[in-house]
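S.K.: Structure below; questions to follow.
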Amino acid sequence: MHSDTTLEAINLTVRRLIAESLQRPIEEVRLDASLDDSGLALDSLSLVTLNVALEERYDITLPDFISEEARTVRSVRAIAELIASRIAESTKEGAPV
Amino acid sequence: MNAPRTRAEREAFARSAVQQVEHERVQVAAHYEHDPAIFSMVLDRRLAYATGVFQDPAEDLESAQERKFARIKEKLAIAPGERMLDVGCGWGSNLLYLAQHTEGCVHGITLSEKQREVALARAHEWGVASRVRVDVQHVEDLDFAPESLDAVLFSGSIVHMHNREAIHRQMVRLLRPGGRMLISDCYYPEQARGNRESTATQYIFVEALGYCRLLALSEELTVMERAGLDVIHVEDLTGHYVLTLERWIDNVRRNRQQIEALAPGFSRVLQSYMTIARLSFARRTALEYMILATKGRPKTDVGLWRIP
């Protein structure tokens with residue numbers, strides 16, 4: 001596995017991208033913070049931008065964080081775990097038989 | 001008309017009419033001036049940058065766009081020798097389809113020189129150049145003789161035009177009696193649904209697409225009727241735009257690296273604005289309609305159109 005696709009590395013990348021979007025220090029974007037108004041209060045544009053940036057970064061397809069289909073993805077940690085599982089799926093699919 | 005609903009609209013009202021035309025000329029063109037090779041990777045082969053019409057949700061984009069071209073052709077009913085104007089003709093998707101499938105003379109205008117080049121190159125390649133003309137021009141600068149057109153098309157373009165009253169009055173002037181006008185575009189529900197002051201709205205209307213003004217359908221129809229047009233048919237294509245955008249977004253994903261190589265950052269712009277648009281149509285906070293109107297007595301009786 002590539003070193004930047006460990007869960008720790010993904011956690012850090014997700015936190016960094018959110019921090020950039022909010023223009024806040026990364027320390028303020030905790031792993032357990034929720035995305036909605038009770039936590040980081042990411043607006044719809046920030047969520048879409050994050051979606052696209054993460055898809056590009058990891059070459060995966062993600063559900064839209066602002067849509068109903070992604071209602072379980074409500075925290076920074078949930079995003080990172082989803083990415084890790086999508087990477088694992090795509091690695092499995094791409095592996096030689 | 002109602003009070004402005006978005007920041008983009010308020011800013012437009014603060015400009016003079018001349019300044020607004022200039023604003024549209026520059027800001028709207030910018031999106032469409034990107035390398036046509038990028039749009040070839042995202043859209044259907046004719047490069048329609050508007051909704052298709054899907055027979056079923058699993059249908060492919062090409063078939064859905066073909067059905068839409070055919071539907072527009074039927075609705076505009078261009079007879080041999082008739083003159084048709086496509087306002088905001090893009091890369092010529094409808095314009096060239098109509099040149100190939102009717103015996104009319106088609107004239108497109110666009111704000112993008114690159115779009116004009118692609119449309120004209122294709123007109124030559126497809127053997128219809130003698131009946132196709134394309135100019136880089138703003139609609140409000142057209143200097144055609146009164147009653148010189150038989151049909152006018154606005155497909156995914158009137159949303160970029162602020163001064164709707166003037167445009168509809170102008171089209172009534174340019175159309176001959178019995179002339180047809182077709183609009184396929186995006187509208188707000190009359191009811192205040194969704195956040196029209198959101199950063200996402202500002203992103204799509206201004207940053208991504210330069211200038212957009214969404215009216216309520218009833219407002220557009222009122223402006224058209226006041227100008228003297230008779231509205232004869234309206235259909236909702238909102239669900240079809242959701243499907244169209246899904247396919248465009250998948251194409252952006254598939255071609256991300258090639259798009260980035262041609263225009264760094266642009267795949268992100270496309271995917272972000274298309275995602276916001278897809279969700280807006282899915283939630284019906286934005287609606288897509290196809291409107292057919294005539295100047296005076298219609299040539300066709302829509303009461304006899306068969307459903308389906």
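Residue numbering restarts at 1 for every chain of the structure tokens, chains are lettered A, B, ... in their displayed order, and ligands are numbered from 1 as they appear.
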Write out as a list in words the residues lying within 7 Å of Asp64 in chain A, counting only C-alpha atoms and excluding same-chain residues fewer than 3 positions away.
M.R.: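 Listing them by chain and then by number gives Val48, Asn51, Ser67 and Ala70 of chain A.
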S.K.: Those same residues, written as a short mmCIF file (atom, residue, chain, number, x, y, z; two decimals), in the first residue's frame with C-alpha atoms?
M.R.:
```
data_model
loop_
_atom_site.label_atom_id
_atom_site.label_comp_id
_atom_site.auth_asym_id
_atom_site.auth_seq_id
_atom_site.Cartn_x
_atom_site.Cartn_y
_atom_site.Cartn_z
CA VAL A 48 -18.88 20.04 -2.97
CA ASN A 51 -15.83 16.15 -2.56
CA SER A 67 -26.92 14.70 -0.80
CA ALA A 70 -24.27 10.38 1.90
#
```
S.K.: Find the residues of chain B that sit at most 8 Å from chain A; for each, write down the nearest two atoms and how far apart they are in Å, to one decimal. Count only C-alpha atoms. Sort by chain, then by number going up, and give it as a tab-separated table.
M.R.:
```
residue	atom	partner	partner_atom	distance
B:Ser198	CA	A:Ser44	CA	7.9
B:Thr199	CA	A:Leu45	CA	6.0
B:Ala200	CA	A:Leu45	CA	4.6
B:Tyr203	CA	A:Leu45	CA	7.7
B:Arg253	CA	A:Thr61	CA	8.0
B:Arg256	CA	A:Glu56	CA	7.7
B:Arg268	CA	A:Val52	CA	6.3
B:Gln271	CA	A:Val52	CA	6.9
B:Ser272	CA	A:Val48	CA	6.0
B:Thr275	CA	A:Val48	CA	7.3
B:Ile276	CA	A:Val48	CA	7.4
B:Leu279	CA	A:Ser67	CA	7.3
```
S.K.: Would you save the residues of that selection, restricted to C-alpha atoms, as a PDB file, in the first residue's frame?
M.R.:
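So the final result, stored in selection_24.pdb, reads:
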```pdb
ATOM      1  CA  SER B 198     -25.666  30.619  -0.853  1.00  0.00           C
ATOM      2  CA  THR B 199     -22.010  30.488  -1.797  1.00  0.00           C
ATOM      3  CA  ALA B 200     -22.942  27.565  -4.065  1.00  0.00           C
ATOM      4  CA  TYR B 203     -20.226  29.945  -7.490  1.00  0.00           C
ATOM      5  CA  ARG B 253     -14.289  11.974 -13.685  1.00  0.00           C
ATOM      6  CA  ARG B 256      -9.947  14.303 -15.296  1.00  0.00           C
ATOM      7  CA  ARG B 268     -12.762  20.865 -10.616  1.00  0.00           C
ATOM      8  CA  GLN B 271     -17.454  18.837 -11.582  1.00  0.00           C
ATOM      9  CA  SER B 272     -18.297  21.295  -8.786  1.00  0.00           C
ATOM     10  CA  THR B 275     -22.747  18.668  -8.957  1.00  0.00           C
ATOM     11  CA  ILE B 276     -24.481  21.735  -7.511  1.00  0.00           C
ATOM     12  CA  LEU B 279     -28.575  18.451  -6.782  1.00  0.00           C
TER      13      LEU B 279
END
```
S.K.: Can you pull out every residue within 10 Å of Pro298 in chain B, counting only C-alpha atoms, but drop anything in the same chain fewer than 5 positions away, and send it as a ChimeraX atom specification?
M.R.: /B:177-180,230-232,293
S.K.: What lies within 12 Å of range 280-285 of chain B using only C-alpha atoms, ignoring chain neighbours under 4 positions off, as an MDAnalysis selection string?
M.R.: (chainID A and resid 44 66:68) or (chainID B and resid 51 185:196 200:201 204 214 216 236:246 273:276 289)
S.K.: How about saving the chosen residues, N, CA and C atoms kept, as a compact mmCIF listing (two decimals), in the first residue's frame?
M.R.:
```txt
# COMPACT_ATOMS: atom_id res chain seq x y z
N SER A 44 -22.61 24.37 1.62
CA SER A 44 -22.78 23.41 0.53
C SER A 44 -21.64 23.50 -0.48
N ILE A 66 -23.32 16.48 0.26
CA ILE A 66 -24.51 17.28 0.58
C ILE A 66 -25.81 16.56 0.21
N SER A 67 -25.68 15.36 -0.36
CA SER A 67 -26.92 14.70 -0.80
C SER A 67 -27.38 13.65 0.20
N GLU A 68 -28.60 13.20 -0.01
CA GLU A 68 -29.21 12.19 0.87
C GLU A 68 -28.41 10.90 0.90
N THR B 51 -29.84 20.07 -21.51
CA THR B 51 -30.39 18.77 -21.15
C THR B 51 -30.76 17.93 -22.37
N ASP B 185 -34.50 26.06 -21.02
CA ASP B 185 -33.58 26.62 -20.02
C ASP B 185 -34.06 26.40 -18.59
N CYS B 186 -33.32 27.02 -17.70
CA CYS B 186 -33.43 26.78 -16.26
C CYS B 186 -34.22 27.90 -15.58
N TYR B 187 -35.09 27.52 -14.65
CA TYR B 187 -35.95 28.49 -13.95
C TYR B 187 -35.96 28.19 -12.46
N TYR B 188 -36.29 29.22 -11.69
CA TYR B 188 -36.53 29.02 -10.26
C TYR B 188 -38.00 28.67 -10.05
N PRO B 189 -38.29 27.85 -9.04
CA PRO B 189 -39.70 27.72 -8.66
C PRO B 189 -40.18 29.09 -8.16
N GLU B 190 -41.43 29.39 -8.39
CA GLU B 190 -42.00 30.66 -7.92
C GLU B 190 -41.91 30.73 -6.39
N GLN B 191 -42.15 29.56 -5.77
CA GLN B 191 -42.02 29.45 -4.33
C GLN B 191 -40.54 29.56 -3.96
N ALA B 192 -40.25 30.22 -2.82
CA ALA B 192 -38.85 30.35 -2.42
C ALA B 192 -38.33 29.03 -1.85
N ARG B 193 -37.72 28.22 -2.69
CA ARG B 193 -37.16 26.93 -2.27
C ARG B 193 -35.66 26.99 -2.38
N GLY B 194 -34.95 26.48 -1.37
CA GLY B 194 -33.49 26.46 -1.46
C GLY B 194 -32.91 27.83 -1.15
N ASN B 195 -31.62 27.87 -0.94
CA ASN B 195 -30.94 29.11 -0.56
C ASN B 195 -30.32 29.76 -1.79
N ARG B 196 -30.95 30.85 -2.26
CA ARG B 196 -30.47 31.51 -3.48
C ARG B 196 -29.35 32.50 -3.20
N ALA B 200 -22.83 28.48 -2.93
CA ALA B 200 -22.94 27.57 -4.07
C ALA B 200 -23.63 28.25 -5.25
N THR B 201 -24.68 29.03 -4.95
CA THR B 201 -25.38 29.76 -6.02
C THR B 201 -24.44 30.77 -6.68
N ILE B 204 -21.87 28.99 -8.97
CA ILE B 204 -22.33 28.49 -10.27
C ILE B 204 -22.73 29.66 -11.19
N LEU B 214 -31.89 33.44 -13.26
CA LEU B 214 -33.02 32.53 -13.30
C LEU B 214 -34.29 33.28 -12.90
N ALA B 216 -38.64 32.98 -12.52
CA ALA B 216 -39.67 31.95 -12.39
C ALA B 216 -40.27 31.75 -13.78
N ASP B 236 -41.82 20.24 -18.76
CA ASP B 236 -40.82 20.18 -17.70
C ASP B 236 -39.79 19.10 -18.03
N LEU B 237 -38.52 19.50 -18.08
CA LEU B 237 -37.45 18.53 -18.36
C LEU B 237 -36.48 18.41 -17.18
N THR B 238 -36.95 18.83 -16.00
CA THR B 238 -36.05 18.88 -14.83
C THR B 238 -35.38 17.53 -14.55
N GLY B 239 -36.17 16.48 -14.53
CA GLY B 239 -35.61 15.14 -14.25
C GLY B 239 -34.60 14.71 -15.30
N HIS B 240 -34.84 15.17 -16.53
CA HIS B 240 -33.92 14.81 -17.62
C HIS B 240 -32.57 15.51 -17.44
N TYR B 241 -32.61 16.72 -16.83
CA TYR B 241 -31.34 17.40 -16.61
C TYR B 241 -30.52 16.71 -15.53
N VAL B 242 -31.21 16.11 -14.54
CA VAL B 242 -30.48 15.35 -13.51
C VAL B 242 -29.69 14.22 -14.18
N LEU B 243 -30.35 13.52 -15.10
CA LEU B 243 -29.69 12.40 -15.79
C LEU B 243 -28.56 12.89 -16.70
N THR B 244 -28.80 14.01 -17.38
CA THR B 244 -27.78 14.57 -18.26
C THR B 244 -26.54 14.94 -17.45
N LEU B 245 -26.77 15.63 -16.33
CA LEU B 245 -25.64 16.08 -15.50
C LEU B 245 -24.88 14.89 -14.91
N GLU B 246 -25.59 13.83 -14.54
CA GLU B 246 -24.91 12.63 -14.03
C GLU B 246 -23.91 12.11 -15.06
N TYR B 273 -19.55 22.71 -10.33
CA TYR B 273 -20.78 23.40 -10.71
C TYR B 273 -21.84 22.41 -11.19
N MET B 274 -21.40 21.35 -11.87
CA MET B 274 -22.36 20.35 -12.35
C MET B 274 -22.99 19.59 -11.18
N THR B 275 -22.21 19.35 -10.13
CA THR B 275 -22.75 18.67 -8.96
C THR B 275 -23.80 19.54 -8.26
N ILE B 276 -23.51 20.83 -8.13
CA ILE B 276 -24.48 21.74 -7.51
C ILE B 276 -25.75 21.78 -8.37
N TYR B 289 -37.27 23.92 -18.16
CA TYR B 289 -38.46 23.92 -19.01
C TYR B 289 -38.10 24.12 -20.47
```
S.K.: Write out as JSON, numbers by chain the residues lying within 10 Å of range 30-41 of chain B, counting only C-alpha atoms and excluding same-chain residues fewer than 2 positions away.
M.R.: {"B": [24, 25, 26, 27, 28, 43, 44, 45, 46, 47, 48, 49, 90, 91, 110, 111, 112, 113, 114, 115, 117, 118, 207, 208, 209, 210, 248, 251, 252, 254, 255, 256, 258, 259, 260, 261, 262, 263, 266, 267, 269, 270]}
S.K.: Name the residues in contact with Val87 in chain B at a cut-off of 7 Å, using only C-alpha atoms, excluding same-chain residues fewer than 3 positions from it; report them as a PDB file with C-alpha atoms, in the first residue's frame.
M.R.:
```
ATOM      1  CA  GLY B 108     -26.143  31.077 -35.102  1.00  0.00           C
ATOM      2  CA  ILE B 109     -24.702  33.704 -32.798  1.00  0.00           C
ATOM      3  CA  THR B 110     -22.355  33.058 -29.896  1.00  0.00           C
ATOM      4  CA  VAL B 139     -28.119  39.178 -29.115  1.00  0.00           C
ATOM      5  CA  LEU B 153     -34.019  29.063 -30.669  1.00  0.00           C
ATOM      6  CA  PHE B 154     -32.551  29.719 -27.228  1.00  0.00           C
TER       7      PHE B 154
END
```
S.K.: Find the residues near Thr102 in chain B: any atom within 8 Å, counting only C-alpha atoms, skip ones fewer than 4 places away on the same chain, and give them as a list in words.
M.R.: Ile78, Ala79, Pro80 and Leu98 of chain B
